[in-house]
Every structure is written in C-alpha cells, then in structure tokens.
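Student: Structure file data_31.txt (compact mmCIF, C-alpha atoms) right here:
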```txt
# COMPACT_ATOMS: atom_id res chain seq x y z
CA LEU A 745 17.05 15.84 -7.82
CA ALA A 746 16.07 19.40 -6.98
CA SER A 747 19.51 20.13 -5.57
CA ARG A 748 21.23 18.92 -8.73
CA ILE A 749 19.20 20.88 -11.26
CA LEU A 750 18.51 23.85 -8.96
CA SER A 751 14.81 23.89 -9.75
CA VAL A 752 11.64 22.19 -8.61
CA ARG A 753 8.50 21.31 -10.53
CA SER A 754 5.23 21.35 -8.65
CA ASN A 755 3.81 18.41 -10.61
CA ILE A 756 6.73 16.00 -10.23
CA ALA A 757 4.78 13.38 -8.23
CA THR A 758 1.43 13.75 -9.99
CA GLY A 759 -0.29 10.39 -10.35
CA TRP A 760 1.58 8.63 -7.55
CA ASP A 761 -1.30 8.93 -5.08
CA LEU A 762 -2.49 5.34 -5.33
CA GLU A 763 1.00 3.87 -5.03
CA ILE A 764 1.90 6.05 -2.04
CA ILE A 765 -1.29 5.27 -0.14
CA THR A 766 -0.90 1.56 -0.93
CA LEU A 767 2.68 1.32 0.27
CA VAL A 768 1.89 3.24 3.45
CA VAL A 769 -1.10 1.00 4.28
CA LEU A 770 0.91 -2.12 3.40
CA GLY A 771 3.61 -0.84 5.73
CA GLY A 772 1.21 -1.03 8.64
CA VAL A 773 0.18 2.60 9.03
CA ALA A 774 -3.42 2.75 10.23
CA ILE A 775 -5.78 4.74 8.05
CA THR A 776 -7.36 6.10 11.21
CA GLY A 777 -3.95 7.28 12.41
CA GLY A 778 -1.88 6.66 15.49
CA LYS A 779 -0.10 3.48 14.41
CA GLY A 780 2.75 2.72 12.05
CA SER A 781 6.49 2.71 11.68
CA VAL A 782 9.09 4.00 9.26
CA PHE A 783 10.48 0.49 8.82
CA GLY A 784 7.02 -0.81 7.90
CA VAL A 785 6.59 1.91 5.29
CA PHE A 786 10.04 1.05 3.93
CA VAL A 787 9.02 -2.60 3.58
CA GLY A 788 5.74 -1.53 1.96
CA SER A 789 7.66 0.59 -0.53
CA LEU A 790 9.85 -2.38 -1.41
CA VAL A 791 6.78 -4.57 -1.98
CA VAL A 792 5.05 -2.03 -4.22
CA GLY A 793 8.30 -1.19 -6.02
CA TYR A 794 9.17 -4.79 -6.78
CA LEU A 795 5.58 -5.51 -7.79
CA LYS A 796 5.58 -2.60 -10.26
CA PHE A 797 9.03 -3.61 -11.53
CA GLY A 798 7.85 -7.17 -12.11
CA MET A 799 4.71 -6.02 -13.88
CA GLY A 800 6.87 -3.80 -16.07
CA LEU A 801 9.07 -6.76 -16.96
CA LEU A 802 5.92 -8.65 -17.94
CA LYS A 803 4.98 -5.67 -20.15
CA LEU A 804 1.61 -5.20 -18.48
CA SER A 805 -0.35 -2.09 -19.41
CA GLY A 806 -0.51 0.88 -17.07
CA THR A 807 -4.21 0.33 -16.56
CA LEU A 808 -3.66 -3.25 -15.44
CA MET A 809 -0.88 -2.12 -13.09
CA THR A 810 -3.26 0.39 -11.53
CA ILE A 811 -5.91 -2.32 -11.10
CA VAL A 812 -3.40 -4.62 -9.38
CA ILE A 813 -2.13 -1.87 -7.06
CA GLY A 814 -5.73 -0.84 -6.25
CA SER A 815 -6.66 -4.45 -5.51
CA LEU A 816 -3.65 -4.71 -3.22
CA LEU A 817 -4.79 -1.59 -1.38
CA ILE A 818 -8.32 -2.92 -0.94
CA THR A 819 -6.93 -6.22 0.35
CA ALA A 820 -4.56 -4.45 2.74
CA VAL A 821 -7.44 -2.43 4.17
CA LEU A 822 -10.02 -5.24 4.40
CA LEU A 823 -7.86 -8.16 5.56
CA PRO A 824 -7.10 -6.89 9.09
CA ARG A 825 -10.77 -6.02 9.60
CA LEU A 826 -11.91 -9.44 8.40
CA LEU A 827 -9.37 -11.14 10.66
CA ASP A 828 -10.62 -9.12 13.65
CA LEU A 829 -14.21 -10.14 12.89
CA TYR A 830 -13.14 -13.78 12.56
CA LYS A 831 -11.32 -13.68 15.90
CA ALA A 832 -14.29 -12.06 17.64
CA ASN A 833 -16.69 -14.62 16.16
CA ARG A 834 -14.40 -17.47 17.18
CA LYS A 835 -14.11 -16.10 20.71
CA LEU A 836 -17.91 -15.92 21.00
CA ARG A 837 -18.25 -19.52 19.82
CA MET A 838 -15.70 -20.70 22.39
CA GLN A 839 -17.61 -18.97 25.20
CA ALA A 840 -20.96 -20.47 24.18
```
What's the structure tokens form of this structure?
Tutor:
Amino acid sequence: LASRILSVRSNIATGWDLEIITLVVLGGVAITGGKGSVFGVFVGSLVVGYLKFGMGLLKLSGTLMTIVIGSLLITAVLLPRLLDLYKANRKLRMQA
C-alpha cells in the first residue's frame, strides 16, 4: 500500500494488537520465545481472519468480536499448560 500511494501513516495498524498476538500464539509461537514457525503463524492468521470474517457475516458487534478473539487468546495460552499438567499428573499416577 505504501508503495502505491507513496506515503505511510504511522497509525495504520492501530488497534490490531489483540488480533496479531492471538494469531501468533495460535500459530504456535511460544510467548516465552524460542519456538514457532512462519507456517504456523500463517495458519493462525487464516484462523483469526476467517473467524473475524464469519463474525462480520453474522453482523456481530465489534465489542463481541473483541471478546471472542480475547477468549481465543486465553484458550490458546492456557490449553497447552493445562495439557502439560494433565500429562504430568497422569505420569505420576502411573508410577504410583
């Protein structure tokens, strides 16, 4: 876009923070760093994009879209941790 109109606005992506963080975490990039792939982020962007497109087709309000995207982010962060705890607990039960 910048190359076509020969100018750049500094606020062009303002408000996209939640969506960007969500698609990156959904793509498998670790919040602590060190893990992740470009393909995973691409898949995460497709998931968030199609989700927002579908919510737009359903004429959901912007506030509700933000709540859904935020809930998806919380789930994407908590689910791997909960699965790790479950596996560790199961392993301890098998040893006992």
Student: I'd like to know which of A:Leu822, A:Leu827, A:Leu795, A:Ile813 is closest to Ile765 of chain A, using all atoms listed in the file.
Tutor: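 Closest candidate: A:Ile813.
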Student: Separation of atom CA of Leu817 of chain A and atom CA of Thr766 of chain A, in Å?
Tutor: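 Calculated distance between atom CA of Leu817 of chain A and atom CA of Thr766 of chain A is 5.0 Å.
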Student: Can you tell me, as a PDB file with C-alpha atoms, in the frame of the given file, what residues are no more than 8 Å from Met809 of chain A when counting all atoms listed in the file, ignoring any on the same chain fewer than 5 positions away?
Tutor:
```pdb
ATOM      1  CA  LYS A 796       5.580  -2.600 -10.260  1.00  0.00           C
ATOM      2  CA  MET A 799       4.710  -6.020 -13.880  1.00  0.00           C
ATOM      3  CA  LEU A 804       1.610  -5.200 -18.480  1.00  0.00           C
TER       4      LEU A 804
END
```
Student: Write out as JSON, numbers by chain each polymer residue whose atoms come within 8 Å of Val769 of chain A, counting all atoms listed in the file; drop sequence neighbours fewer than 5 positions from it.
Tutor: {"A": [774, 775, 785, 788, 817, 820, 821]}
Student: May I ask for the distance between atom CA of Arg825 of chain A and atom CA of Gly759 of chain A, given in Å to one decimal place?
Tutor: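 Taking atom CA of Arg825 of chain A and atom CA of Gly759 of chain A, their separation equals 27.9 Å.
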Student: One decimal, Å: what's the distance from atom CA of Ser781 of chain A over to atom CA of Leu767 of chain A, could you say?
Tutor: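 So the two atoms, atom CA of Ser781 of chain A and atom CA of Leu767 of chain A, lie 12.1 Å apart.
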Student: Do you know which residues lie at most 12 Å from (11.0, 0.1, 5.0), with coordinates as in the file and only C-alpha atoms counted, and could you write them as a list of chain:residue names?
Tutor: A:Leu767, A:Val768, A:Leu770, A:Gly771, A:Gly772, A:Val773, A:Gly780, A:Ser781, A:Val782, A:Phe783, A:Gly784, A:Val785, A:Phe786, A:Val787, A:Gly788, A:Ser789, A:Leu790, A:Val791, A:Val792, A:Gly793
Student: Let me make sure I understand: among A:Leu823, A:Tyr830, A:Gly814, A:Leu836, which one has the smallest atom-to-atom distance to Ile764 of chain A if we use only C-alpha atoms?
Tutor: A:Gly814
